[in-house]
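Scroll down for the structure; my scribbles are underneath it.
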2 protein chains.
Amino acid sequence: MSRRGTLTRERVIAAAAAVADRSGLAGVSMRSVGGELGVEGMSLYHHVSSKDALLDALAEWAIAKIDLPPPDAPWREAMETRARSARAVFVAHPWSIAMIESRPAPSAALLTHHDRVLGWLFAAGFTAPLATLAFSTVDAFVYGFALSETNLPFLPSPGAEAEFAATVSPDPGAYPNLSRSLTELLSSGDYTYPSEFDNGLTLILDAIQAQLDATRDA
Amino acid sequence: MSRRGTLTRERVIAAAAAVADRSGLAGVSMRSVGGELGVEGMSLYHHVSSKDALLDALAEWAIAKIDLPPPDAPWREAMETRARSARAVFVAHPWSIAMIESRPAPSAALLTHHDRVLGWLFAAGFTAPLATLAFSTVDAFVYGFALSETNLPFLPSPGAEAEFAATVSPDPGAYPNLSRSLTELLSSGDYTYPSEFDNGLTLILDAIQAQLDATRDA
DNA sequence: ACCTGAACACCGTTCAAGT
DNA sequence: ACCTGAACACCGTTCAAGT
C-alpha cells in the first residue's frame with residue numbers, strides 16, 4: 001500500500017507480513033508482496049534471495065515479536081509472560097504458528113529464545129532433565145493451544161458460540177457429550193474458552209513447581 | 001504408482017496421502033496426484049470437487065488413523081492410548097499436524113473424536129469445566145509436541161544429535177545454557193528427546209487426576 | 001460416465017534489458 | 001544499483017471434445 005521510498009529487506013518482510021495477515025500464507029506470492037509495495041514481484045529478488053528465504057525471515061519476524069523477559073527474571077513469571085505473549089502473537093498472526101516450527105533450519109532468533117528460557121530454569125535450580133521437561137511441555141502446550149484456538153472454534157468463545165452450537169445442535173443424539181458439555185458450560189454463565197489457556201498453563205506450571213520442590217527436598 | 005483399476009474417491013485420497021508423505025504438502029497438486037494414479041490431473045475433478053475438498057478429505061484420512069478406544073474404556077488409559085496414537089500418526093505423516101487443525105470446518109470425524117473423549121471423562125465423574133481443561137490441555141500438548149518433534153530436532157534424538165551439536169557447539173558462548181543442557185543430558189547416557197513426550201503426558205495426566213480426586217473429596 | 005487437451009489466469013524464478 | 005518485461009515451467013480450474 002505504501003509505495004514511496006526505496007525498497008529495503010525490512011520493508012519487504014513487513015509487506016509480506018501484511019499480506020499474510022490479510023490473505024493468509026497462501027496469499028503470499030512474490031507478485032502480491034511486490035504489489036503491496038507498488039513494485040513488480042521480480043524486484044524483491046534484490047532484497048531476498050528466494051521466496052523460501054522470505055518465509056524464513058517472516059518466521060523470525062514473528063519470533064521477534066514474542067516478549068522475552070530478561071535473563072534474571074524469576075522462572076515462573078518469565079515462563080508465564082513468554083507463554084502469554086507467544087499466544088498473543090499467534091492469535092494476531094495465525095500464519096506464524098505452523099511456520100515458526102516448520103522452517104527447516106532453526107533460526108538464531110529461536111536458539112536465543114531457547115537459551116534464555118533454559119537460563120531462567122537453571123538459575124532457579126532446575127536439573128537439565130527437569131528443565132527440558134518444563135520447557136518442552138510448556139512450549140508444546142502453547143503451540144498446540146494456539147493452533148486449536150485460531151482454527152477450531154470448538155468451544156464457546158465470542159462469536160464462535162453460535163456457529164458451534166449450530167453444528168452440534170441439529171442432531172444432539174450424534175454428539176451427546178459435546179451437547180452436554182456445551183449446555184453445562186454455558187449455563188454456568190461466565191465460561192469462555194480462551195480462559196482455558198491460563199487454566200492449562202497453571203496446571204502445567206504448578207506440576208513443574210511441585211517437581212522442582214521435590215528435587216530440592218531430596 | 002498403481003495405474004490399474006478404475007478411479008475412486010478413496011484411491012484419489014490415498015494417492016494424495018502418498019504424494020504428501022513423499023514430497024510434503026507443497027508437492028500435492030492435482031497434476032501430481034493424477035500422475036500418481038497414471039491419469040491426468042483433470043480427471044480427479046470427477047471424484048473430488050476441488051483441491052480444497054481433497055485436502056479436507058486428507059485431514060479426515062489422518063484423523064481416521066488415530067486409535068480411538070471404546071466409549072467404556074477407563075479415562076486415563078484411553079487418553080494415553082489416543083495421545084500416543086495421534087503422535088504416531090503425526091510423526092508418520094508430518095503434513096497432517098497443521099492440517100487437521102487448520103481446515104476451516106471441523107469435520108464429522110473430528111466431532112466424533114471429541115465426543116468420544118468427553119464421554120470417557122464424564123463417565124469417570126469429571127465436571128464439564130474439568131473435562132474441558134483435561135481435553136484442551138492434553139490435545140494442545142499432543143499437537144504442539146508433534147509439531148516440535150517433526151520440525152525441530154532441537155534436543156538429542158537419534159540422528160539429530162550431531163546436527164544439533166554442530167549448530168550449538170561452534171560458539172558455546174553464544175548459547176551457554178543450551179550447551180550446558182546438551183552436555184548434562186548426553187552425559188547421563190540414556191536420554192532421548194522422544195521420551196519427553198511420555199514425561200510431559202504423565203505430568204499433565206497426574207495433575208488432572210489430582211484435580212479429579214479433589215473434586216470427589218469435596 | 002469417465003477421461004482428456006487446450007485454454008485461462010495464476011505461480012517462482014531467470015535473465016537480458018532498461019534507467 | 002535497482003527495477004522491469006518477457007520468458008519458462010509450473011499451478012488450479014473450466015469446458016468442449018472425445019471414448
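Letters for chains follow the order of the C-alpha cells (A, B, ...), residue numbers begin at 1 for each chain, and ligand numbers begin at 1 in the order shown.
All chain C residues having an atom within 10 Å of chain A, based on only C-alpha atoms (C1' of nucleotides), amount to DC11, DG12, DT13 and DT14 of chain C.
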Restricted to C-alpha atoms (C1' of nucleotides), what would the selected residues look like written as an mmCIF file, in the first residue's frame?
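This is the output file result07.cif:
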data_model
loop_
_atom_site.group_PDB
_atom_site.id
_atom_site.type_symbol
_atom_site.label_atom_id
_atom_site.label_comp_id
_atom_site.auth_asym_id
_atom_site.auth_seq_id
_atom_site.Cartn_x
_atom_site.Cartn_y
_atom_site.Cartn_z
ATOM 1 C "C1'" DC C 11 2.776 -19.225 -9.584
ATOM 2 C "C1'" DG C 12 8.543 -18.884 -8.643
ATOM 3 C "C1'" DT C 13 12.460 -17.806 -10.966
ATOM 4 C "C1'" DT C 14 15.967 -16.353 -14.599
#
Give me, as a PyMOL selection string, the contact residues of chain A against chain B at a cut-off of 6 Å, counting only C-alpha atoms.
chain A and resi 101-102+115+118-119+128+137+140-141+143-145+151+175+177-178+181+200
Can you write just those residues out, N, CA and C atoms, as a compact mmCIF listing (two decimals), in the first residue's frame?
# COMPACT_ATOMS: atom_id res chain seq x y z
N GLU A 101 7.67 -23.28 13.66
CA GLU A 101 8.19 -24.61 13.94
C GLU A 101 8.48 -25.42 12.68
N SER A 102 8.05 -24.92 11.53
CA SER A 102 8.19 -25.78 10.36
C SER A 102 9.27 -25.34 9.38
N ASP A 115 17.73 -20.50 24.61
CA ASP A 115 18.82 -20.35 25.57
C ASP A 115 18.38 -19.49 26.76
N LEU A 118 16.10 -21.58 29.10
CA LEU A 118 16.88 -22.51 29.92
C LEU A 118 17.63 -21.76 31.01
N GLY A 119 18.06 -20.55 30.71
CA GLY A 119 18.76 -19.73 31.69
C GLY A 119 17.91 -19.46 32.92
N ALA A 128 18.98 -30.48 34.44
CA ALA A 128 18.80 -30.47 32.98
C ALA A 128 17.56 -31.28 32.56
N THR A 137 7.24 -29.20 27.62
CA THR A 137 5.82 -29.33 27.92
C THR A 137 5.10 -28.00 27.75
N ALA A 140 5.04 -27.05 24.00
CA ALA A 140 4.08 -27.86 23.25
C ALA A 140 2.67 -27.36 23.53
N PHE A 141 2.39 -27.10 24.80
CA PHE A 141 1.06 -26.61 25.17
C PHE A 141 0.73 -25.30 24.47
N TYR A 143 2.05 -23.85 21.73
CA TYR A 143 1.89 -24.02 20.29
C TYR A 143 0.57 -24.71 19.96
N GLY A 144 0.33 -25.81 20.64
CA GLY A 144 -0.87 -26.60 20.35
C GLY A 144 -2.15 -25.86 20.69
N PHE A 145 -2.13 -25.11 21.79
CA PHE A 145 -3.33 -24.36 22.16
C PHE A 145 -3.63 -23.28 21.12
N ASN A 151 -7.93 -22.03 14.89
CA ASN A 151 -8.54 -22.76 13.78
C ASN A 151 -9.75 -23.58 14.15
N TYR A 175 -23.87 -36.23 18.94
CA TYR A 175 -22.76 -35.81 19.79
C TYR A 175 -23.27 -35.53 21.20
N ASN A 177 -22.17 -36.04 24.26
CA ASN A 177 -21.27 -35.49 25.26
C ASN A 177 -20.86 -34.05 24.94
N LEU A 178 -20.71 -33.79 23.65
CA LEU A 178 -20.42 -32.42 23.22
C LEU A 178 -21.60 -31.52 23.59
N SER A 181 -21.64 -31.01 27.40
CA SER A 181 -20.56 -30.12 27.80
C SER A 181 -20.93 -28.66 27.50
N GLY A 200 -4.83 -24.19 31.75
CA GLY A 200 -3.89 -25.24 31.34
C GLY A 200 -2.47 -24.89 31.72
Could I get chain B fitted onto chain A (least squares, all C-alpha atoms, in order) as a PDB file with C-alpha atoms, in the first residue's frame?
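The resulting part_36.pdb:
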ATOM      1  CA  MET B   1       0.096   0.010   0.145  1.00  0.00           C
ATOM      2  CA  SER B   2       2.888   2.444   0.969  1.00  0.00           C
ATOM      3  CA  ARG B   3       4.624   2.897  -2.358  1.00  0.00           C
ATOM      4  CA  ARG B   4       7.109   5.591  -1.413  1.00  0.00           C
ATOM      5  CA  GLY B   5      10.732   5.377  -0.466  1.00  0.00           C
ATOM      6  CA  THR B   6      13.271   2.829  -1.550  1.00  0.00           C
ATOM      7  CA  LEU B   7      12.928  -0.888  -1.033  1.00  0.00           C
ATOM      8  CA  THR B   8      14.759  -2.514   1.850  1.00  0.00           C
ATOM      9  CA  ARG B   9      14.801  -6.045   3.176  1.00  0.00           C
ATOM     10  CA  GLU B  10      12.842  -4.843   6.229  1.00  0.00           C
ATOM     11  CA  ARG B  11      10.128  -3.244   4.112  1.00  0.00           C
ATOM     12  CA  VAL B  12       9.821  -6.399   2.045  1.00  0.00           C
ATOM     13  CA  ILE B  13       9.388  -8.548   5.156  1.00  0.00           C
ATOM     14  CA  ALA B  14       6.864  -6.155   6.692  1.00  0.00           C
ATOM     15  CA  ALA B  15       4.902  -6.129   3.439  1.00  0.00           C
ATOM     16  CA  ALA B  16       4.890  -9.926   3.386  1.00  0.00           C
ATOM     17  CA  ALA B  17       3.550  -9.968   6.961  1.00  0.00           C
ATOM     18  CA  ALA B  18       0.825  -7.519   5.990  1.00  0.00           C
ATOM     19  CA  VAL B  19      -0.208  -9.685   3.054  1.00  0.00           C
ATOM     20  CA  ALA B  20      -0.197 -12.801   5.260  1.00  0.00           C
ATOM     21  CA  ASP B  21      -2.342 -11.049   7.889  1.00  0.00           C
ATOM     22  CA  ARG B  22      -4.839 -10.057   5.232  1.00  0.00           C
ATOM     23  CA  SER B  23      -4.867 -13.061   2.903  1.00  0.00           C
ATOM     24  CA  GLY B  24      -3.194 -15.884   4.773  1.00  0.00           C
ATOM     25  CA  LEU B  25       0.083 -17.572   3.962  1.00  0.00           C
ATOM     26  CA  ALA B  26      -1.326 -18.898   0.688  1.00  0.00           C
ATOM     27  CA  GLY B  27      -1.860 -15.296  -0.407  1.00  0.00           C
ATOM     28  CA  VAL B  28       1.826 -14.494  -0.077  1.00  0.00           C
ATOM     29  CA  SER B  29       3.405 -14.573  -3.523  1.00  0.00           C
ATOM     30  CA  MET B  30       6.353 -12.640  -4.834  1.00  0.00           C
ATOM     31  CA  ARG B  31       3.953 -10.726  -7.033  1.00  0.00           C
ATOM     32  CA  SER B  32       1.468  -9.959  -4.245  1.00  0.00           C
ATOM     33  CA  VAL B  33       4.200  -8.739  -1.887  1.00  0.00           C
ATOM     34  CA  GLY B  34       5.622  -6.642  -4.707  1.00  0.00           C
ATOM     35  CA  GLY B  35       2.149  -5.232  -5.312  1.00  0.00           C
ATOM     36  CA  GLU B  36       1.891  -4.309  -1.630  1.00  0.00           C
ATOM     37  CA  LEU B  37       4.988  -2.152  -2.179  1.00  0.00           C
ATOM     38  CA  GLY B  38       3.986  -0.747  -5.566  1.00  0.00           C
ATOM     39  CA  VAL B  39       6.666  -2.715  -7.333  1.00  0.00           C
ATOM     40  CA  GLU B  40       6.953  -5.765  -9.551  1.00  0.00           C
ATOM     41  CA  GLY B  41       7.458  -9.159  -7.895  1.00  0.00           C
ATOM     42  CA  MET B  42      10.810  -9.543  -9.590  1.00  0.00           C
ATOM     43  CA  SER B  43      12.210  -6.553  -7.719  1.00  0.00           C
ATOM     44  CA  LEU B  44      12.080  -8.454  -4.433  1.00  0.00           C
ATOM     45  CA  TYR B  45      14.935 -10.694  -5.536  1.00  0.00           C
ATOM     46  CA  HIS B  46      17.309  -7.796  -4.930  1.00  0.00           C
ATOM     47  CA  HIS B  47      16.473  -8.002  -1.226  1.00  0.00           C
ATOM     48  CA  VAL B  48      15.665 -11.641  -0.509  1.00  0.00           C
ATOM     49  CA  SER B  49      17.282 -14.512  -2.329  1.00  0.00           C
ATOM     50  CA  SER B  50      14.112 -16.567  -2.802  1.00  0.00           C
ATOM     51  CA  LYS B  51      10.582 -16.965  -1.580  1.00  0.00           C
ATOM     52  CA  ASP B  52      11.806 -19.543   0.898  1.00  0.00           C
ATOM     53  CA  ALA B  53      14.272 -17.040   2.340  1.00  0.00           C
ATOM     54  CA  LEU B  54      11.406 -14.562   2.630  1.00  0.00           C
ATOM     55  CA  LEU B  55       9.381 -17.118   4.582  1.00  0.00           C
ATOM     56  CA  ASP B  56      12.357 -17.768   6.883  1.00  0.00           C
ATOM     57  CA  ALA B  57      12.571 -14.038   7.501  1.00  0.00           C
ATOM     58  CA  LEU B  58       8.843 -13.965   8.185  1.00  0.00           C
ATOM     59  CA  ALA B  59       9.249 -16.656  10.854  1.00  0.00           C
ATOM     60  CA  GLU B  60      11.993 -14.609  12.516  1.00  0.00           C
ATOM     61  CA  TRP B  61       9.824 -11.516  12.324  1.00  0.00           C
ATOM     62  CA  ALA B  62       7.126 -13.312  14.342  1.00  0.00           C
ATOM     63  CA  ILE B  63       9.571 -14.735  16.896  1.00  0.00           C
ATOM     64  CA  ALA B  64      10.987 -11.284  17.476  1.00  0.00           C
ATOM     65  CA  LYS B  65       7.529 -10.074  18.494  1.00  0.00           C
ATOM     66  CA  ILE B  66       7.348 -12.516  21.412  1.00  0.00           C
ATOM     67  CA  ASP B  67       8.058 -10.830  24.720  1.00  0.00           C
ATOM     68  CA  LEU B  68      11.200 -12.331  26.279  1.00  0.00           C
ATOM     69  CA  PRO B  69      11.808 -11.268  29.913  1.00  0.00           C
ATOM     70  CA  PRO B  70      15.411 -10.543  30.988  1.00  0.00           C
ATOM     71  CA  PRO B  71      17.803 -13.365  31.926  1.00  0.00           C
ATOM     72  CA  ASP B  72      17.462 -12.627  35.655  1.00  0.00           C
ATOM     73  CA  ALA B  73      13.654 -12.793  35.759  1.00  0.00           C
ATOM     74  CA  PRO B  74      12.064 -15.328  38.165  1.00  0.00           C
ATOM     75  CA  TRP B  75      11.400 -18.519  36.234  1.00  0.00           C
ATOM     76  CA  ARG B  76       7.674 -18.863  36.713  1.00  0.00           C
ATOM     77  CA  GLU B  77       6.790 -15.263  35.936  1.00  0.00           C
ATOM     78  CA  ALA B  78       9.123 -15.312  32.970  1.00  0.00           C
ATOM     79  CA  MET B  79       7.614 -18.529  31.590  1.00  0.00           C
ATOM     80  CA  GLU B  80       4.108 -17.141  32.014  1.00  0.00           C
ATOM     81  CA  THR B  81       4.930 -13.839  30.353  1.00  0.00           C
ATOM     82  CA  ARG B  82       6.588 -15.523  27.399  1.00  0.00           C
ATOM     83  CA  ALA B  83       3.760 -18.058  27.021  1.00  0.00           C
ATOM     84  CA  ARG B  84       1.046 -15.406  27.073  1.00  0.00           C
ATOM     85  CA  SER B  85       2.960 -13.191  24.684  1.00  0.00           C
ATOM     86  CA  ALA B  86       3.594 -16.054  22.271  1.00  0.00           C
ATOM     87  CA  ARG B  87      -0.085 -16.880  22.312  1.00  0.00           C
ATOM     88  CA  ALA B  88      -0.973 -13.238  21.598  1.00  0.00           C
ATOM     89  CA  VAL B  89       1.406 -13.155  18.621  1.00  0.00           C
ATOM     90  CA  PHE B  90      -0.004 -16.419  17.275  1.00  0.00           C
ATOM     91  CA  VAL B  91      -3.567 -15.183  17.577  1.00  0.00           C
ATOM     92  CA  ALA B  92      -2.708 -11.867  15.916  1.00  0.00           C
ATOM     93  CA  HIS B  93      -0.783 -13.603  13.118  1.00  0.00           C
ATOM     94  CA  PRO B  94      -2.227 -17.108  12.760  1.00  0.00           C
ATOM     95  CA  TRP B  95       0.010 -17.922   9.810  1.00  0.00           C
ATOM     96  CA  SER B  96       3.021 -17.745  12.157  1.00  0.00           C
ATOM     97  CA  ILE B  97       2.114 -20.766  14.304  1.00  0.00           C
ATOM     98  CA  ALA B  98       2.877 -23.638  12.010  1.00  0.00           C
ATOM     99  CA  MET B  99       5.560 -21.589  10.338  1.00  0.00           C
ATOM    100  CA  ILE B 100       7.857 -20.921  13.269  1.00  0.00           C
ATOM    101  CA  GLU B 101       8.176 -24.608  13.931  1.00  0.00           C
ATOM    102  CA  SER B 102       8.160 -25.777  10.362  1.00  0.00           C
ATOM    103  CA  ARG B 103      11.053 -23.882   8.821  1.00  0.00           C
ATOM    104  CA  PRO B 104      13.756 -26.499   8.208  1.00  0.00           C
ATOM    105  CA  ALA B 105      16.631 -24.722   9.963  1.00  0.00           C
ATOM    106  CA  PRO B 106      16.201 -23.348  13.482  1.00  0.00           C
ATOM    107  CA  SER B 107      16.974 -19.662  13.270  1.00  0.00           C
ATOM    108  CA  ALA B 108      19.399 -17.784  15.499  1.00  0.00           C
ATOM    109  CA  ALA B 109      16.430 -15.928  16.983  1.00  0.00           C
ATOM    110  CA  LEU B 110      14.827 -19.201  18.030  1.00  0.00           C
ATOM    111  CA  LEU B 111      18.061 -20.552  19.520  1.00  0.00           C
ATOM    112  CA  THR B 112      18.470 -17.326  21.489  1.00  0.00           C
ATOM    113  CA  HIS B 113      14.933 -17.740  22.778  1.00  0.00           C
ATOM    114  CA  HIS B 114      15.580 -21.272  23.889  1.00  0.00           C
ATOM    115  CA  ASP B 115      18.826 -20.352  25.561  1.00  0.00           C
ATOM    116  CA  ARG B 116      17.151 -17.571  27.526  1.00  0.00           C
ATOM    117  CA  VAL B 117      14.402 -19.885  28.737  1.00  0.00           C
ATOM    118  CA  LEU B 118      16.883 -22.517  29.905  1.00  0.00           C
ATOM    119  CA  GLY B 119      18.771 -19.727  31.678  1.00  0.00           C
ATOM    120  CA  TRP B 120      15.739 -18.857  33.857  1.00  0.00           C
ATOM    121  CA  LEU B 121      15.298 -22.506  34.778  1.00  0.00           C
ATOM    122  CA  PHE B 122      18.938 -23.230  35.588  1.00  0.00           C
ATOM    123  CA  ALA B 123      19.106 -20.078  37.718  1.00  0.00           C
ATOM    124  CA  ALA B 124      16.158 -21.421  39.719  1.00  0.00           C
ATOM    125  CA  GLY B 125      17.921 -24.716  40.388  1.00  0.00           C
ATOM    126  CA  PHE B 126      16.317 -26.946  37.743  1.00  0.00           C
ATOM    127  CA  THR B 127      18.287 -30.017  36.719  1.00  0.00           C
ATOM    128  CA  ALA B 128      18.793 -30.459  32.976  1.00  0.00           C
ATOM    129  CA  PRO B 129      16.143 -33.218  32.705  1.00  0.00           C
ATOM    130  CA  LEU B 130      13.567 -31.208  34.653  1.00  0.00           C
ATOM    131  CA  ALA B 131      14.360 -28.039  32.665  1.00  0.00           C
ATOM    132  CA  THR B 132      13.865 -29.965  29.446  1.00  0.00           C
ATOM    133  CA  LEU B 133      10.567 -31.383  30.674  1.00  0.00           C
ATOM    134  CA  ALA B 134       9.365 -27.938  31.720  1.00  0.00           C
ATOM    135  CA  PHE B 135      10.437 -26.310  28.507  1.00  0.00           C
ATOM    136  CA  SER B 136       9.128 -28.895  26.083  1.00  0.00           C
ATOM    137  CA  THR B 137       5.826 -29.320  27.908  1.00  0.00           C
ATOM    138  CA  VAL B 138       5.055 -25.608  28.188  1.00  0.00           C
ATOM    139  CA  ASP B 139       6.120 -24.966  24.600  1.00  0.00           C
ATOM    140  CA  ALA B 140       4.094 -27.847  23.234  1.00  0.00           C
ATOM    141  CA  PHE B 141       1.063 -26.601  25.165  1.00  0.00           C
ATOM    142  CA  VAL B 142       1.424 -23.031  23.911  1.00  0.00           C
ATOM    143  CA  TYR B 143       1.890 -24.022  20.256  1.00  0.00           C
ATOM    144  CA  GLY B 144      -0.851 -26.594  20.345  1.00  0.00           C
ATOM    145  CA  PHE B 145      -3.322 -24.354  22.158  1.00  0.00           C
ATOM    146  CA  ALA B 146      -2.764 -21.529  19.703  1.00  0.00           C
ATOM    147  CA  LEU B 147      -3.214 -23.961  16.830  1.00  0.00           C
ATOM    148  CA  SER B 148      -6.553 -25.126  18.229  1.00  0.00           C
ATOM    149  CA  GLU B 149      -7.649 -21.678  19.224  1.00  0.00           C
ATOM    150  CA  THR B 150      -7.145 -19.968  15.895  1.00  0.00           C
ATOM    151  CA  ASN B 151      -8.535 -22.755  13.770  1.00  0.00           C
ATOM    152  CA  LEU B 152     -11.004 -24.654  15.828  1.00  0.00           C
ATOM    153  CA  PRO B 153     -13.675 -22.550  17.463  1.00  0.00           C
ATOM    154  CA  PHE B 154     -14.854 -25.684  19.140  1.00  0.00           C
ATOM    155  CA  LEU B 155     -15.925 -24.437  22.466  1.00  0.00           C
ATOM    156  CA  PRO B 156     -17.765 -21.296  23.446  1.00  0.00           C
ATOM    157  CA  SER B 157     -15.909 -18.131  22.579  1.00  0.00           C
ATOM    158  CA  PRO B 158     -17.233 -14.713  21.571  1.00  0.00           C
ATOM    159  CA  GLY B 159     -18.808 -15.083  18.176  1.00  0.00           C
ATOM    160  CA  ALA B 160     -18.069 -18.756  17.774  1.00  0.00           C
ATOM    161  CA  GLU B 161     -20.680 -20.023  20.177  1.00  0.00           C
ATOM    162  CA  ALA B 162     -23.512 -19.649  17.725  1.00  0.00           C
ATOM    163  CA  GLU B 163     -21.639 -21.443  14.943  1.00  0.00           C
ATOM    164  CA  PHE B 164     -20.625 -24.228  17.205  1.00  0.00           C
ATOM    165  CA  ALA B 165     -24.062 -24.695  18.663  1.00  0.00           C
ATOM    166  CA  ALA B 166     -25.436 -24.741  15.127  1.00  0.00           C
ATOM    167  CA  THR B 167     -23.050 -27.563  14.209  1.00  0.00           C
ATOM    168  CA  VAL B 168     -23.827 -29.675  17.252  1.00  0.00           C
ATOM    169  CA  SER B 169     -27.464 -28.909  17.929  1.00  0.00           C
ATOM    170  CA  PRO B 170     -29.134 -30.154  14.735  1.00  0.00           C
ATOM    171  CA  ASP B 171     -28.573 -33.691  15.967  1.00  0.00           C
ATOM    172  CA  PRO B 172     -27.835 -33.778  19.712  1.00  0.00           C
ATOM    173  CA  GLY B 173     -28.056 -37.550  19.619  1.00  0.00           C
ATOM    174  CA  ALA B 174     -25.005 -37.683  17.346  1.00  0.00           C
ATOM    175  CA  TYR B 175     -22.768 -35.815  19.799  1.00  0.00           C
ATOM    176  CA  PRO B 176     -24.356 -36.348  23.229  1.00  0.00           C
ATOM    177  CA  ASN B 177     -21.259 -35.503  25.271  1.00  0.00           C
ATOM    178  CA  LEU B 178     -20.416 -32.438  23.224  1.00  0.00           C
ATOM    179  CA  SER B 179     -24.007 -31.265  23.719  1.00  0.00           C
ATOM    180  CA  ARG B 180     -23.867 -31.934  27.455  1.00  0.00           C
ATOM    181  CA  SER B 181     -20.553 -30.128  27.803  1.00  0.00           C
ATOM    182  CA  LEU B 182     -21.837 -27.140  25.871  1.00  0.00           C
ATOM    183  CA  THR B 183     -25.008 -26.930  27.944  1.00  0.00           C
ATOM    184  CA  GLU B 184     -23.243 -27.183  31.296  1.00  0.00           C
ATOM    185  CA  LEU B 185     -20.549 -24.680  30.431  1.00  0.00           C
ATOM    186  CA  LEU B 186     -22.971 -22.133  29.042  1.00  0.00           C
ATOM    187  CA  SER B 187     -25.373 -22.471  31.957  1.00  0.00           C
ATOM    188  CA  SER B 188     -22.589 -21.542  34.388  1.00  0.00           C
ATOM    189  CA  GLY B 189     -22.670 -18.155  32.684  1.00  0.00           C
ATOM    190  CA  ASP B 190     -19.108 -16.940  32.876  1.00  0.00           C
ATOM    191  CA  TYR B 191     -17.333 -19.572  30.839  1.00  0.00           C
ATOM    192  CA  THR B 192     -15.128 -18.650  27.897  1.00  0.00           C
ATOM    193  CA  TYR B 193     -12.821 -20.958  26.028  1.00  0.00           C
ATOM    194  CA  PRO B 194      -9.873 -18.531  25.894  1.00  0.00           C
ATOM    195  CA  SER B 195      -9.567 -18.660  29.697  1.00  0.00           C
ATOM    196  CA  GLU B 196      -8.718 -22.338  29.259  1.00  0.00           C
ATOM    197  CA  PHE B 197      -5.262 -21.183  28.237  1.00  0.00           C
ATOM    198  CA  ASP B 198      -4.488 -19.791  31.675  1.00  0.00           C
ATOM    199  CA  ASN B 199      -6.038 -22.830  33.325  1.00  0.00           C
ATOM    200  CA  GLY B 200      -3.896 -25.224  31.336  1.00  0.00           C
ATOM    201  CA  LEU B 201      -0.751 -23.160  31.802  1.00  0.00           C
ATOM    202  CA  THR B 202      -1.320 -23.007  35.556  1.00  0.00           C
ATOM    203  CA  LEU B 203      -1.945 -26.756  35.702  1.00  0.00           C
ATOM    204  CA  ILE B 204       1.380 -27.421  33.988  1.00  0.00           C
ATOM    205  CA  LEU B 205       3.419 -24.836  35.893  1.00  0.00           C
ATOM    206  CA  ASP B 206       2.014 -25.983  39.256  1.00  0.00           C
ATOM    207  CA  ALA B 207       3.021 -29.552  38.419  1.00  0.00           C
ATOM    208  CA  ILE B 208       6.516 -28.437  37.441  1.00  0.00           C
ATOM    209  CA  GLN B 209       6.836 -26.325  40.568  1.00  0.00           C
ATOM    210  CA  ALA B 210       5.927 -29.379  42.650  1.00  0.00           C
ATOM    211  CA  GLN B 211       8.630 -31.423  40.929  1.00  0.00           C
ATOM    212  CA  LEU B 212      11.166 -28.651  41.471  1.00  0.00           C
ATOM    213  CA  ASP B 213      10.300 -28.507  45.182  1.00  0.00           C
ATOM    214  CA  ALA B 214      10.634 -32.283  45.390  1.00  0.00           C
ATOM    215  CA  THR B 215      14.086 -32.056  43.796  1.00  0.00           C
ATOM    216  CA  ARG B 216      15.178 -29.498  46.371  1.00  0.00           C
ATOM    217  CA  ASP B 217      13.946 -31.560  49.305  1.00  0.00           C
ATOM    218  CA  ALA B 218      15.843 -34.621  48.129  1.00  0.00           C
TER     219      ALA B 218
END
Using C1' of DA9 in chain D and C1' of DC2 in chain C as the two end points, give the distance in Å to one decimal.
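Atom-to-atom, C1' of DA9 in chain D to C1' of DC2 in chain C, that is 28.7 Å.
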Alpha helix (DSSP H) positions in range 12-211 of chain B, given as a ChimeraX atom specification
/B:12-23,30-36,51-64,75-92,95-102,108-123,128-151,160-168,176-187,195-211
note - C1' of DG5 in chain C and C1' of DA17 in chain D are separated by 8.5 Å
C1' of DA7 in chain C sits from C1' of DG18 in chain D at a separation of 16.7 Å
